[in-house]
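Asks: my_file-v9.tsv (TSV, C-alpha atoms and all ligand atoms) pasted underneath:
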```tsv
chain	number	residue	atom	x	y	z
D	1	MET	CA	-31.23	3.55	-10.69
D	2	ILE	CA	-28.88	3.26	-13.68
D	3	PRO	CA	-26.02	1.21	-12.20
D	4	LEU	CA	-22.33	1.83	-12.80
D	5	ALA	CA	-21.33	-1.58	-14.14
D	6	MET	CA	-23.68	-4.53	-14.05
D	7	PRO	CA	-22.87	-8.08	-15.11
D	8	ASN	CA	-24.37	-9.02	-18.47
D	9	LEU	CA	-25.52	-12.64	-18.04
D	10	THR	CA	-27.84	-13.25	-20.98
D	11	GLY	CA	-25.66	-15.79	-22.82
D	12	ASN	CA	-24.97	-19.42	-21.91
D	13	GLU	CA	-24.29	-18.73	-18.23
D	14	LYS	CA	-27.44	-20.45	-16.94
D	15	LYS	CA	-27.03	-23.47	-19.21
D	16	TYR	CA	-23.41	-24.06	-18.16
D	17	LEU	CA	-24.26	-23.62	-14.48
D	18	GLU	CA	-27.03	-26.21	-14.79
D	19	ASN	CA	-24.51	-28.52	-16.39
D	20	CYS	CA	-22.22	-28.14	-13.33
D	21	ILE	CA	-25.04	-29.20	-11.05
D	22	ASP	CA	-26.25	-32.02	-13.30
D	23	THR	CA	-22.74	-33.49	-13.51
D	24	THR	CA	-21.88	-32.68	-9.83
D	25	TYR	CA	-18.69	-30.94	-11.01
D	26	VAL	CA	-19.08	-27.87	-8.84
D	27	SER	CA	-15.64	-27.71	-7.24
D	28	SER	CA	-12.08	-27.05	-8.32
D	29	VAL	CA	-11.89	-29.81	-10.93
D	30	GLY	CA	-13.92	-29.78	-14.13
D	31	GLU	CA	-14.08	-29.20	-17.83
D	32	TYR	CA	-15.08	-25.55	-17.54
D	33	VAL	CA	-11.90	-24.65	-15.66
D	34	LYS	CA	-9.78	-26.11	-18.47
D	35	ARG	CA	-11.90	-24.52	-21.16
D	36	PHE	CA	-11.85	-21.15	-19.41
D	37	GLU	CA	-8.07	-21.28	-19.08
D	38	SER	CA	-7.63	-21.96	-22.78
D	39	MET	CA	-10.09	-19.19	-23.69
D	40	VAL	CA	-8.21	-16.69	-21.51
D	41	ALA	CA	-4.83	-17.82	-22.89
D	42	GLU	CA	-6.08	-17.36	-26.43
D	43	ALA	CA	-7.73	-13.98	-25.80
D	44	THR	CA	-4.57	-12.60	-24.20
D	45	GLY	CA	-2.18	-14.17	-26.72
D	46	SER	CA	-0.39	-16.21	-24.05
D	47	ARG	CA	0.75	-19.80	-24.18
D	48	TYR	CA	-0.58	-20.54	-20.68
D	49	ALA	CA	-3.27	-19.40	-18.26
D	50	VAL	CA	-3.93	-20.49	-14.69
D	51	ALA	CA	-7.37	-19.66	-13.30
D	52	THR	CA	-7.47	-18.40	-9.71
D	53	SER	CA	-10.08	-17.61	-7.07
D	54	ALA	CA	-9.68	-13.83	-7.55
D	55	GLY	CA	-7.47	-11.22	-9.13
D	56	THR	CA	-5.95	-10.43	-5.74
D	57	THR	CA	-4.99	-14.06	-5.08
D	58	GLY	CA	-3.62	-14.32	-8.62
D	59	LEU	CA	-1.40	-11.30	-7.92
D	60	HIS	CA	-0.23	-12.77	-4.62
D	61	ALA	CA	0.63	-16.07	-6.29
D	62	ALA	CA	2.34	-14.37	-9.27
D	63	LEU	CA	4.54	-12.21	-7.02
D	64	THR	CA	5.39	-15.26	-4.92
D	65	ALA	CA	6.28	-17.24	-8.07
D	66	VAL	CA	8.76	-14.58	-9.27
D	67	GLY	CA	10.43	-14.58	-5.85
D	68	VAL	CA	9.00	-11.54	-4.04
D	69	GLY	CA	9.37	-12.14	-0.33
D	70	TYR	CA	9.86	-10.69	3.11
D	71	ASP	CA	11.32	-7.16	3.27
D	72	ASP	CA	11.42	-6.70	-0.50
D	73	LEU	CA	10.16	-3.68	-2.44
D	74	VAL	CA	7.95	-3.87	-5.52
D	75	ILE	CA	7.66	-0.82	-7.78
D	76	LEU	CA	3.95	0.05	-8.12
D	77	PRO	CA	1.96	3.07	-9.35
D	78	THR	CA	0.31	4.83	-6.42
D	79	PHE	CA	-2.82	5.31	-8.52
D	80	THR	CA	-4.35	1.83	-8.44
D	81	PHE	CA	-6.91	-0.25	-6.59
D	82	ILE	CA	-5.84	-1.24	-3.08
D	83	ALA	CA	-5.62	-4.94	-4.06
D	84	SER	CA	-2.41	-4.32	-6.04
D	85	ALA	CA	-0.67	-3.07	-2.89
D	86	ASN	CA	-2.29	-5.70	-0.67
D	87	ALA	CA	-0.94	-8.52	-2.84
D	88	ILE	CA	2.58	-7.12	-2.34
D	89	ARG	CA	2.01	-6.86	1.40
D	90	HIS	CA	0.71	-10.43	1.54
D	91	CYS	CA	4.20	-11.48	0.35
D	92	GLY	CA	5.74	-9.62	3.32
D	93	ALA	CA	7.04	-6.95	0.93
D	94	ALA	CA	6.12	-3.28	0.52
D	95	PRO	CA	5.17	-1.20	-2.51
D	96	TRP	CA	7.60	1.48	-3.70
D	97	LEU	CA	4.99	3.94	-4.94
D	98	MET	CA	5.51	6.06	-8.04
D	99	ASP	CA	3.56	8.54	-10.12
D	100	ILE	CA	1.53	7.97	-13.27
D	101	GLU	CA	1.62	9.59	-16.72
D	102	SER	CA	-1.29	11.70	-17.95
D	103	GLU	CA	-1.94	9.94	-21.29
D	104	SER	CA	-2.81	6.55	-19.80
D	105	TRP	CA	-3.01	7.01	-16.01
D	106	CYS	CA	-0.50	4.14	-15.84
D	107	LEU	CA	2.91	3.98	-14.13
D	108	ASP	CA	5.38	6.34	-15.84
D	109	PRO	CA	8.46	4.41	-17.08
D	110	ASN	CA	10.62	7.55	-17.07
D	111	ILE	CA	9.94	8.10	-13.39
D	112	VAL	CA	10.75	4.46	-12.65
D	113	GLN	CA	14.11	4.72	-14.44
D	114	LEU	CA	15.03	8.02	-12.73
D	115	GLU	CA	13.99	6.81	-9.27
D	116	ILE	CA	16.07	3.66	-9.64
D	117	GLU	CA	19.09	5.70	-10.76
D	118	LYS	CA	18.73	8.17	-7.89
D	119	LYS	CA	17.75	5.89	-5.03
D	120	CYS	CA	19.31	2.48	-5.68
D	121	GLU	CA	22.67	0.79	-5.84
D	122	ILE	CA	23.71	-2.64	-7.04
D	123	GLU	CA	24.93	-4.94	-4.27
D	124	ASN	CA	25.97	-8.54	-4.99
D	125	GLY	CA	24.26	-8.28	-8.35
D	126	ARG	CA	20.97	-7.21	-6.76
D	127	LEU	CA	19.22	-3.90	-6.89
D	128	LYS	CA	19.08	-2.32	-3.43
D	129	HIS	CA	17.02	0.69	-2.32
D	130	LYS	CA	19.68	2.66	-0.43
D	131	LYS	CA	17.56	4.39	2.23
D	132	SER	CA	15.57	1.36	3.39
D	133	GLY	CA	18.25	-1.22	2.59
D	134	CYS	CA	15.53	-3.33	0.96
D	135	ARG	CA	15.99	-5.34	-2.21
D	136	VAL	CA	13.90	-4.23	-5.19
D	137	ALA	CA	12.27	-7.51	-6.28
D	138	ALA	CA	9.89	-6.68	-9.15
D	139	ILE	CA	8.23	-3.99	-11.24
D	140	MET	CA	4.45	-4.09	-11.31
D	141	PRO	CA	2.72	-1.73	-13.75
D	142	VAL	CA	-1.10	-1.63	-13.74
D	143	TYR	CA	-3.18	-1.52	-16.93
D	144	THR	CA	-5.41	1.24	-15.55
D	145	LEU	CA	-8.91	1.21	-17.13
D	146	GLY	CA	-7.57	-1.34	-19.66
D	147	ASN	CA	-4.96	1.12	-20.98
D	148	ILE	CA	-1.54	-0.32	-21.78
D	149	PRO	CA	1.45	1.99	-21.16
D	150	ASP	CA	4.80	1.92	-22.99
D	151	MET	CA	5.64	-1.70	-22.19
D	152	ASP	CA	8.75	-1.66	-24.38
D	153	SER	CA	10.30	0.78	-21.90
D	154	PHE	CA	9.27	-1.36	-18.93
D	155	ARG	CA	10.79	-4.42	-20.63
D	156	ASP	CA	14.06	-2.49	-21.11
D	157	ILE	CA	14.16	-1.37	-17.48
D	158	ALA	CA	13.32	-4.84	-16.20
D	159	ASP	CA	16.06	-6.40	-18.34
D	160	ARG	CA	18.59	-3.69	-17.41
D	161	TYR	CA	18.21	-4.43	-13.70
D	162	ASN	CA	17.31	-8.09	-14.03
D	163	LEU	CA	13.90	-7.57	-12.41
D	164	PRO	CA	10.78	-9.65	-13.01
D	165	LEU	CA	7.94	-7.78	-14.68
D	166	VAL	CA	4.49	-8.66	-13.30
D	167	VAL	CA	1.47	-6.72	-14.53
D	168	ASP	CA	-1.78	-6.06	-12.73
D	169	ALA	CA	-3.99	-6.49	-15.80
D	170	ALA	CA	-7.11	-6.90	-13.65
D	171	CYS	CA	-9.30	-4.69	-15.81
D	172	ALA	CA	-7.60	-5.30	-19.15
D	173	ILE	CA	-9.25	-8.36	-20.70
D	174	GLY	CA	-9.66	-7.53	-24.41
D	175	ALA	CA	-6.97	-4.82	-24.46
D	176	LYS	CA	-4.38	-4.65	-27.26
D	177	TYR	CA	-0.85	-3.20	-27.48
D	178	LYS	CA	0.38	-2.21	-30.95
D	179	ASN	CA	-2.45	-4.32	-32.39
D	180	GLU	CA	-1.30	-7.41	-30.51
D	181	ASN	CA	-2.60	-9.16	-27.42
D	182	PHE	CA	-0.77	-8.29	-24.22
D	183	GLY	CA	-0.05	-11.73	-22.80
D	184	THR	CA	3.64	-11.77	-23.65
D	185	LEU	CA	4.56	-8.21	-22.62
D	186	ALA	CA	5.32	-9.14	-19.01
D	187	ASP	CA	6.65	-12.30	-17.34
D	188	LEU	CA	3.24	-12.75	-15.76
D	189	SER	CA	0.02	-10.77	-16.21
D	190	VAL	CA	-2.88	-11.09	-13.81
D	191	LEU	CA	-6.55	-10.62	-14.68
D	192	SER	CA	-9.64	-10.23	-12.52
D	193	PHE	CA	-13.12	-11.56	-13.23
D	194	ASN	CA	-14.85	-9.83	-10.35
D	195	GLY	CA	-18.45	-8.71	-10.85
D	196	ASN	CA	-17.57	-5.16	-11.96
D	197	LYS	CA	-15.06	-6.23	-14.61
D	198	THR	CA	-15.85	-6.53	-18.35
D	199	ILE	CA	-15.91	-10.34	-18.07
D	200	THR	CA	-17.05	-11.84	-14.77
D	201	CYS	CA	-17.01	-15.29	-13.16
D	202	GLY	CA	-18.89	-13.92	-10.14
D	203	GLY	CA	-15.43	-13.71	-8.67
D	204	GLY	CA	-12.19	-15.03	-10.04
D	205	GLY	CA	-8.90	-14.30	-11.71
D	206	ALA	CA	-6.24	-15.70	-14.00
D	207	VAL	CA	-2.48	-15.47	-14.41
D	208	VAL	CA	-1.14	-15.65	-17.97
D	209	GLY	CA	2.36	-15.99	-19.36
D	210	ASN	CA	4.64	-17.80	-21.81
D	211	ASP	CA	7.33	-19.25	-19.53
D	212	GLU	CA	6.43	-22.88	-18.96
D	213	LYS	CA	8.57	-23.29	-15.84
D	214	LEU	CA	7.22	-20.16	-14.20
D	215	ILE	CA	3.63	-21.09	-14.99
D	216	SER	CA	4.12	-24.64	-13.63
D	217	LEU	CA	5.45	-23.17	-10.41
D	218	LEU	CA	2.53	-20.79	-10.27
D	219	ARG	CA	0.01	-23.60	-10.75
D	220	HIS	CA	1.77	-25.56	-8.03
D	221	ILE	CA	1.63	-22.59	-5.62
D	222	THR	CA	-2.08	-21.93	-6.26
D	223	THR	CA	-3.04	-25.59	-5.73
D	224	THR	CA	-1.57	-26.18	-2.23
D	225	ALA	CA	1.86	-27.24	-3.61
D	226	ARG	CA	0.80	-30.86	-3.51
D	227	VAL	CA	3.04	-33.58	-4.89
D	228	TRP	CA	0.66	-36.28	-6.00
D	229	PRO	CA	-0.52	-39.01	-5.47
D	230	ASP	CA	-0.16	-38.86	-1.69
D	231	TYR	CA	-0.42	-36.08	0.85
D	232	ASP	CA	3.03	-34.65	0.21
D	233	PHE	CA	3.62	-30.91	-0.08
D	234	ASP	CA	6.97	-29.37	-0.95
D	235	MET	CA	6.30	-25.73	-0.06
D	236	VAL	CA	3.79	-23.50	1.70
D	237	GLY	CA	1.17	-23.31	-1.03
D	238	PHE	CA	-2.15	-21.54	-1.33
D	239	ASN	CA	-5.65	-22.75	-2.07
D	240	TYR	CA	-6.32	-20.18	-4.79
D	241	ARG	CA	-8.14	-22.38	-7.29
D	242	MET	CA	-11.08	-21.31	-9.35
D	243	THR	CA	-14.12	-23.57	-9.10
D	244	ASN	CA	-15.91	-25.16	-12.04
D	245	ILE	CA	-18.97	-23.06	-11.17
D	246	GLN	CA	-17.02	-19.81	-11.53
D	247	ALA	CA	-15.39	-21.06	-14.73
D	248	ALA	CA	-18.79	-22.09	-16.19
D	249	VAL	CA	-19.95	-18.47	-15.91
D	250	GLY	CA	-16.57	-17.31	-17.24
D	251	CYS	CA	-16.76	-19.53	-20.35
D	252	ALA	CA	-20.18	-18.16	-21.25
D	253	GLN	CA	-18.88	-14.62	-20.72
D	254	MET	CA	-15.73	-15.16	-22.80
D	255	GLU	CA	-17.89	-16.29	-25.74
D	256	ARG	CA	-19.09	-12.68	-25.90
D	257	LEU	CA	-15.83	-10.85	-25.21
D	258	ASP	CA	-15.71	-9.08	-28.58
D	259	THR	CA	-19.29	-7.84	-28.24
D	260	PHE	CA	-18.62	-6.57	-24.73
D	261	ILE	CA	-15.47	-4.67	-25.74
D	262	LYS	CA	-17.28	-3.17	-28.73
D	263	ARG	CA	-20.08	-1.93	-26.47
D	264	LYS	CA	-17.60	-0.52	-23.94
D	265	ARG	CA	-15.92	1.41	-26.76
D	266	GLU	CA	-19.29	2.74	-27.98
D	267	VAL	CA	-20.17	3.93	-24.47
D	268	GLN	CA	-16.85	5.77	-24.17
D	269	ALA	CA	-17.31	7.32	-27.65
D	270	PHE	CA	-20.86	8.39	-26.76
D	271	TYR	CA	-19.67	10.25	-23.67
D	272	GLU	CA	-16.76	11.84	-25.57
D	273	GLU	CA	-19.11	13.17	-28.25
D	274	GLN	CA	-21.69	14.45	-25.76
D	275	PHE	CA	-19.21	16.21	-23.48
D	276	LYS	CA	-16.85	17.70	-26.06
D	277	ASN	CA	-18.06	21.27	-25.44
D	278	LEU	CA	-18.10	21.09	-21.65
D	279	PRO	CA	-15.22	22.15	-19.37
D	280	ILE	CA	-14.56	18.50	-18.53
D	281	THR	CA	-12.70	15.65	-20.23
D	282	CYS	CA	-13.41	11.95	-20.54
D	283	PHE	CA	-11.06	9.26	-19.22
D	284	PRO	CA	-7.81	8.88	-21.17
D	285	THR	CA	-7.57	5.88	-23.50
D	286	THR	CA	-4.58	4.34	-25.24
D	287	ASP	CA	-4.77	2.71	-28.70
D	288	GLY	CA	-6.32	-0.71	-28.16
D	289	SER	CA	-7.70	0.09	-24.71
D	290	SER	CA	-10.36	-2.27	-23.38
D	291	TYR	CA	-12.33	0.75	-22.09
D	292	TRP	CA	-13.13	-0.98	-18.81
D	293	PHE	CA	-14.69	2.09	-17.26
D	294	SER	CA	-15.99	5.43	-18.49
D	295	GLY	CA	-16.35	8.70	-16.68
D	296	ILE	CA	-15.34	12.32	-16.56
D	297	VAL	CA	-12.45	14.37	-15.22
D	298	LEU	CA	-13.13	17.83	-13.80
D	299	LYS	CA	-10.88	20.84	-14.45
D	300	PRO	CA	-7.36	20.85	-12.95
D	301	GLY	CA	-7.42	22.38	-9.48
D	302	THR	CA	-10.92	21.11	-8.65
D	303	ASP	CA	-10.99	19.21	-5.37
D	304	LEU	CA	-12.74	16.08	-4.19
D	305	ALA	CA	-15.67	17.94	-2.59
D	306	VAL	CA	-16.77	19.17	-6.03
D	307	ALA	CA	-16.66	15.65	-7.47
D	308	LYS	CA	-18.74	14.48	-4.51
D	309	VAL	CA	-21.38	17.15	-5.06
D	310	LEU	CA	-21.62	16.01	-8.67
D	311	THR	CA	-22.15	12.35	-7.68
D	312	GLU	CA	-24.92	13.46	-5.29
D	313	LYS	CA	-26.63	15.48	-7.99
D	314	LEU	CA	-26.54	12.47	-10.32
D	315	LYS	CA	-27.89	10.18	-7.61
D	316	LYS	CA	-30.93	12.45	-7.36
D	317	LYS	CA	-31.53	11.68	-11.04
D	318	ASP	CA	-31.32	7.91	-10.38
D	319	ILE	CA	-27.80	7.63	-11.77
D	320	GLU	CA	-25.08	5.78	-9.96
D	321	ALA	CA	-21.81	7.73	-10.14
D	322	ARG	CA	-18.78	7.56	-7.88
D	323	THR	CA	-15.37	8.96	-7.18
D	324	PHE	CA	-12.50	6.64	-8.08
D	325	TRP	CA	-9.25	5.11	-6.72
D	326	LYS	CA	-7.72	7.11	-3.91
D	327	PRO	CA	-3.93	6.74	-4.30
D	328	ILE	CA	-2.20	4.07	-2.24
D	329	HIS	CA	0.17	6.50	-0.47
D	330	LEU	CA	-2.89	8.20	1.06
D	331	GLN	CA	-4.23	4.91	2.46
D	332	LYS	CA	-3.61	4.17	6.13
D	333	PRO	CA	-1.69	0.87	5.71
D	334	TYR	CA	0.67	2.36	3.10
D	335	LYS	CA	1.27	5.94	4.17
D	336	ASP	CA	4.87	5.23	5.22
D	337	CYS	CA	5.95	3.36	2.10
D	338	PRO	CA	8.77	4.83	0.01
D	339	ARG	CA	7.53	6.93	-2.88
D	340	SER	CA	8.47	9.24	-5.70
D	341	ASN	CA	6.96	12.66	-6.22
D	342	VAL	CA	3.27	11.82	-6.83
D	343	THR	CA	1.88	15.17	-7.98
D	344	LEU	CA	-0.14	13.91	-10.92
D	345	ALA	CA	-1.85	11.08	-9.01
D	346	GLU	CA	-2.75	13.51	-6.22
D	347	SER	CA	-4.26	15.98	-8.65
D	348	VAL	CA	-6.10	13.50	-10.86
D	349	TRP	CA	-7.88	11.22	-8.39
D	350	GLN	CA	-9.83	14.04	-6.76
D	351	ARG	CA	-11.33	15.14	-10.08
D	352	ILE	CA	-12.69	11.81	-11.30
D	353	VAL	CA	-16.36	10.82	-11.49
D	354	THR	CA	-17.16	7.39	-12.92
D	355	LEU	CA	-20.35	7.05	-14.96
D	356	PRO	CA	-22.61	4.11	-15.86
D	357	CYS	CA	-20.93	1.93	-18.49
D	358	SER	CA	-22.45	-1.55	-18.32
D	359	THR	CA	-22.29	-3.47	-21.59
D	360	ASN	CA	-26.10	-3.71	-21.53
D	361	ILE	CA	-26.75	-0.01	-20.94
D	362	THR	CA	-29.28	1.37	-23.46
D	363	THR	CA	-28.88	4.48	-25.61
D	364	GLU	CA	-31.84	6.07	-23.76
D	365	GLU	CA	-30.04	5.54	-20.48
D	366	LEU	CA	-26.83	7.02	-21.89
D	367	LYS	CA	-28.75	10.11	-23.05
D	368	TRP	CA	-30.34	10.44	-19.62
D	369	VAL	CA	-26.90	10.32	-17.99
D	370	CYS	CA	-25.45	12.89	-20.42
D	371	ASN	CA	-28.29	15.33	-19.89
D	372	ALA	CA	-27.94	15.04	-16.13
D	373	VAL	CA	-24.18	15.66	-16.34
D	374	LYS	CA	-24.66	18.69	-18.60
D	375	GLU	CA	-27.20	20.18	-16.22
D	376	ALA	CA	-25.04	19.55	-13.17
D	377	ILE	CA	-21.91	21.05	-14.76
N	401	LIG	C1	-10.45	-5.41	-9.69
N	401	LIG	C2	-9.02	-5.11	-9.50
N	401	LIG	C3	-8.20	-5.91	-8.68
N	401	LIG	C4	-8.72	-6.99	-7.78
N	401	LIG	O1	-9.31	-8.09	-8.37
N	401	LIG	P1	-10.27	-9.03	-7.49
N	401	LIG	O2	-10.66	-10.08	-8.47
N	401	LIG	O3	-11.41	-8.20	-7.05
N	401	LIG	O4	-9.47	-9.57	-6.38
N	401	LIG	C5	-6.84	-5.63	-8.62
N	401	LIG	N1	-6.32	-4.60	-9.28
N	401	LIG	C6	-7.06	-3.80	-10.08
N	401	LIG	C7	-6.39	-2.70	-10.82
N	401	LIG	C8	-8.44	-4.01	-10.19
N	401	LIG	O5	-9.17	-3.18	-10.95
```
Kindly transcribe the structure held in the file into structure tokens.
Replies:
Amino acid sequence: MIPLAMPNLTGNEKKYLENCIDTTYVSSVGEYVKRFESMVAEATGSRYAVATSAGTTGLHAALTAVGVGYDDLVILPTFTFIASANAIRHCGAAPWLMDIESESWCLDPNIVQLEIEKKCEIENGRLKHKKSGCRVAAIMPVYTLGNIPDMDSFRDIADRYNLPLVVDAACAIGAKYKNENFGTLADLSVLSFNGNKTITCGGGGAVVGNDEKLISLLRHITTTARVWPDYDFDMVGFNYRMTNIQAAVGCAQMERLDTFIKRKREVQAFYEEQFKNLPITCFPTTDGSSYWFSGIVLKPGTDLAVAKVLTEKLKKKDIEARTFWKPIHLQKPYKDCPRSNVTLAESVWQRIVTLPCSTNITTEELKWVCNAVKEAI
């Protein structure tokens, strides 16, 4: 079976893991955690990075740090992985779901601006969603597939309404925006190092940003809010630390970030070239995308059953292929959340088939996949 996205662990991973065991630094303190944090800060162009146990816990901590709480609303694209919405829910808040734009599959800033104008009012200096009476507490774009949307517009909107801007950058390590790293575009950006991401720690995450006070608070929240040296705690904190073992794998992975991104880009380009004469398109990419995942999009109007038949046909040829994110507003826990018109998300998700795109996939394997897709189409 040619897998969708396999970890590539042929660098220093084993050596650094052995070092953890030899030194007994296997837990949440250790040199690798510090080193990993500085590598992530540098790669994202941020002053600070705090490593966390997962992307989801990083999101929960980041939203908590910017003040999202009970009964609040957080603006979120409906086309995202469930973890983005779950992190909002874990704060006691709810996502206000909005549609995406076709060029990046990211939250559409024009829709966000129009929805706020139509559905909100300012009360005591705070933005209130009129129908629910809830406060709007943050905007949370998602860097879908490692694509970065028009962040200048999101910065304008956030400043206009005095809202924190937190980004779910889970799949965006290595992405660029106008030739620059993305770490300063939002107040906080959250990465994931789960096994299917471009860089993995086995599991893990990181929150990056430039605001020293905000990052200190975030570190405090993720490390049980302890006031050393005794057992004093000044808030309800979380145990969301990354362990030295996770960070050891992460350091070895980060050493090869550029190679991984280059290979991801080659895989995407290979599929684009091979499929250019078929009635399908490849995933959209923005300039500087990190090309986290590759795959194809079937013709407009095609429904999910067709995409499923295609994945089955590919499976028979020993190729792993899957459908992709089902929008949040169609998920049971979120079906009653406020939302904009979500036409594009509803049309797009049913037509997506992800294809193998591991960084260690061979050209022979890519050709095998392309031939199978051509035959099936
Ligand atoms: C992977 C992913 C997450 C979750 O990260 P975990 O590390 O698995 O908790 C959140 N959001 C998006 C968009 C993701 O792709």
Asks: Which residues form the shell of 10 Å around ligand LIG 401 (chain N) when you count all atoms listed in the file, given as a ChimeraX atom specification?
Replies: /D:52-60,79-87,141-146,167-172,190-197,200-206,292-293,325
Asks: Dump C-alpha atoms for the selected residues as a tab-separated table (two decimals), in the frame of the given file?
Replies:
```
chain	number	residue	atom	x	y	z
D	52	THR	CA	-7.47	-18.40	-9.71
D	53	SER	CA	-10.08	-17.61	-7.07
D	54	ALA	CA	-9.68	-13.83	-7.55
D	55	GLY	CA	-7.47	-11.22	-9.13
D	56	THR	CA	-5.95	-10.43	-5.74
D	57	THR	CA	-4.99	-14.06	-5.08
D	58	GLY	CA	-3.62	-14.32	-8.62
D	59	LEU	CA	-1.40	-11.30	-7.92
D	60	HIS	CA	-0.23	-12.77	-4.62
D	79	PHE	CA	-2.82	5.31	-8.52
D	80	THR	CA	-4.35	1.83	-8.44
D	81	PHE	CA	-6.91	-0.25	-6.59
D	82	ILE	CA	-5.84	-1.24	-3.08
D	83	ALA	CA	-5.62	-4.94	-4.06
D	84	SER	CA	-2.41	-4.32	-6.04
D	85	ALA	CA	-0.67	-3.07	-2.89
D	86	ASN	CA	-2.29	-5.70	-0.67
D	87	ALA	CA	-0.94	-8.52	-2.84
D	141	PRO	CA	2.72	-1.73	-13.75
D	142	VAL	CA	-1.10	-1.63	-13.74
D	143	TYR	CA	-3.18	-1.52	-16.93
D	144	THR	CA	-5.41	1.24	-15.55
D	145	LEU	CA	-8.91	1.21	-17.13
D	146	GLY	CA	-7.57	-1.34	-19.66
D	167	VAL	CA	1.47	-6.72	-14.53
D	168	ASP	CA	-1.78	-6.06	-12.73
D	169	ALA	CA	-3.99	-6.49	-15.80
D	170	ALA	CA	-7.11	-6.90	-13.65
D	171	CYS	CA	-9.30	-4.69	-15.81
D	172	ALA	CA	-7.60	-5.30	-19.15
D	190	VAL	CA	-2.88	-11.09	-13.81
D	191	LEU	CA	-6.55	-10.62	-14.68
D	192	SER	CA	-9.64	-10.23	-12.52
D	193	PHE	CA	-13.12	-11.56	-13.23
D	194	ASN	CA	-14.85	-9.83	-10.35
D	195	GLY	CA	-18.45	-8.71	-10.85
D	196	ASN	CA	-17.57	-5.16	-11.96
D	197	LYS	CA	-15.06	-6.23	-14.61
D	200	THR	CA	-17.05	-11.84	-14.77
D	201	CYS	CA	-17.01	-15.29	-13.16
D	202	GLY	CA	-18.89	-13.92	-10.14
D	203	GLY	CA	-15.43	-13.71	-8.67
D	204	GLY	CA	-12.19	-15.03	-10.04
D	205	GLY	CA	-8.90	-14.30	-11.71
D	206	ALA	CA	-6.24	-15.70	-14.00
D	292	TRP	CA	-13.13	-0.98	-18.81
D	293	PHE	CA	-14.69	2.09	-17.26
D	325	TRP	CA	-9.25	5.11	-6.72
```
Asks: For a quick check of understanding, using only C-alpha atoms, which of D:Val74, D:Leu107, D:Ala43, D:Ala247 has the smallest distance to Lys176 (chain D)?
Replies: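 The answer is D:Ala43, which sits nearest to Lys176 (chain D).
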Asks: Hey, what's within 9 Å of Pro77 (chain D) if we count all atoms listed in the file and toss same-chain stuff fewer than 6 positions away? As a list in words, please?
Replies: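 Contacts, in chain order: Pro95, Trp96, Leu97, Met98, Asp99, Ile100, Cys106, Leu107, Asp108, Met140, Pro141, Val142, Pro327, Ile328 and Ala345 of chain D.
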Asks: Report the distance between CA of Val297 (chain D) and CA of Cys282 (chain D) in Å, rounded to one decimal place.
Replies: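 One can read the CA of Val297 (chain D) to CA of Cys282 (chain D) distance as 5.9 Å.
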Asks: Using all atoms listed in the file, which of D:Gly295, D:Pro333, D:Gly30, D:Gly45 sits nearest Ala186 (chain D)?
Replies: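 Looking only at the distances to Ala186 (chain D), the closest residue turns out to be D:Gly45.
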Asks: Report, in Å with one decimal, the straight-line distance from CA of Lys335 (chain D) to CA of Gln113 (chain D).
Replies: 22.6 Å
Asks: Can you work out the spacing between CA of Tyr291 (chain D) and CA of Tyr177 (chain D) in Å, to one decimal?
Replies: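 So the answer is 13.3 Å.
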Asks: Hey, which of D:Asn239, D:Asn181, D:Thr198, D:Asn210 ends up closest to Cys357 (chain D)? Count all atoms listed in the file.
Replies: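 Checking each of D:Asn239, D:Asn181, D:Thr198, D:Asn210 against Cys357 (chain D), counting all atoms listed in the file, the winner is D:Thr198.
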Asks: Select, from D:Trp368, D:Leu63, D:Ile319, D:Ser189, the residue with the minimum atom-to-atom distance to Met1 (chain D), counting only C-alpha atoms.
Replies: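 The shortest atom-to-atom distance to Met1 (chain D) comes from D:Ile319.
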Asks: Taking 4 positions as the minimum chain separation for residues in the same chain, which residues sit within 8 Å of Gln350 (chain D) when counting all atoms listed in the file? Answer as a list in words.
Replies: Thr302, Asp303, Leu304, Ala307, Thr323, Phe324, Lys326 and Glu346 of chain D
Asks: Restricted to C-alpha atoms, what would the selected residues look like written as a PDB file, in the coordinates of the input?
Replies:
```pdb
ATOM      1  CA  THR D 302     -10.920  21.110  -8.650  1.00  0.00           C
ATOM      2  CA  ASP D 303     -10.990  19.210  -5.370  1.00  0.00           C
ATOM      3  CA  LEU D 304     -12.740  16.080  -4.190  1.00  0.00           C
ATOM      4  CA  ALA D 307     -16.660  15.650  -7.470  1.00  0.00           C
ATOM      5  CA  THR D 323     -15.370   8.960  -7.180  1.00  0.00           C
ATOM      6  CA  PHE D 324     -12.500   6.640  -8.080  1.00  0.00           C
ATOM      7  CA  LYS D 326      -7.720   7.110  -3.910  1.00  0.00           C
ATOM      8  CA  GLU D 346      -2.750  13.510  -6.220  1.00  0.00           C
TER       9      GLU D 346
END
```
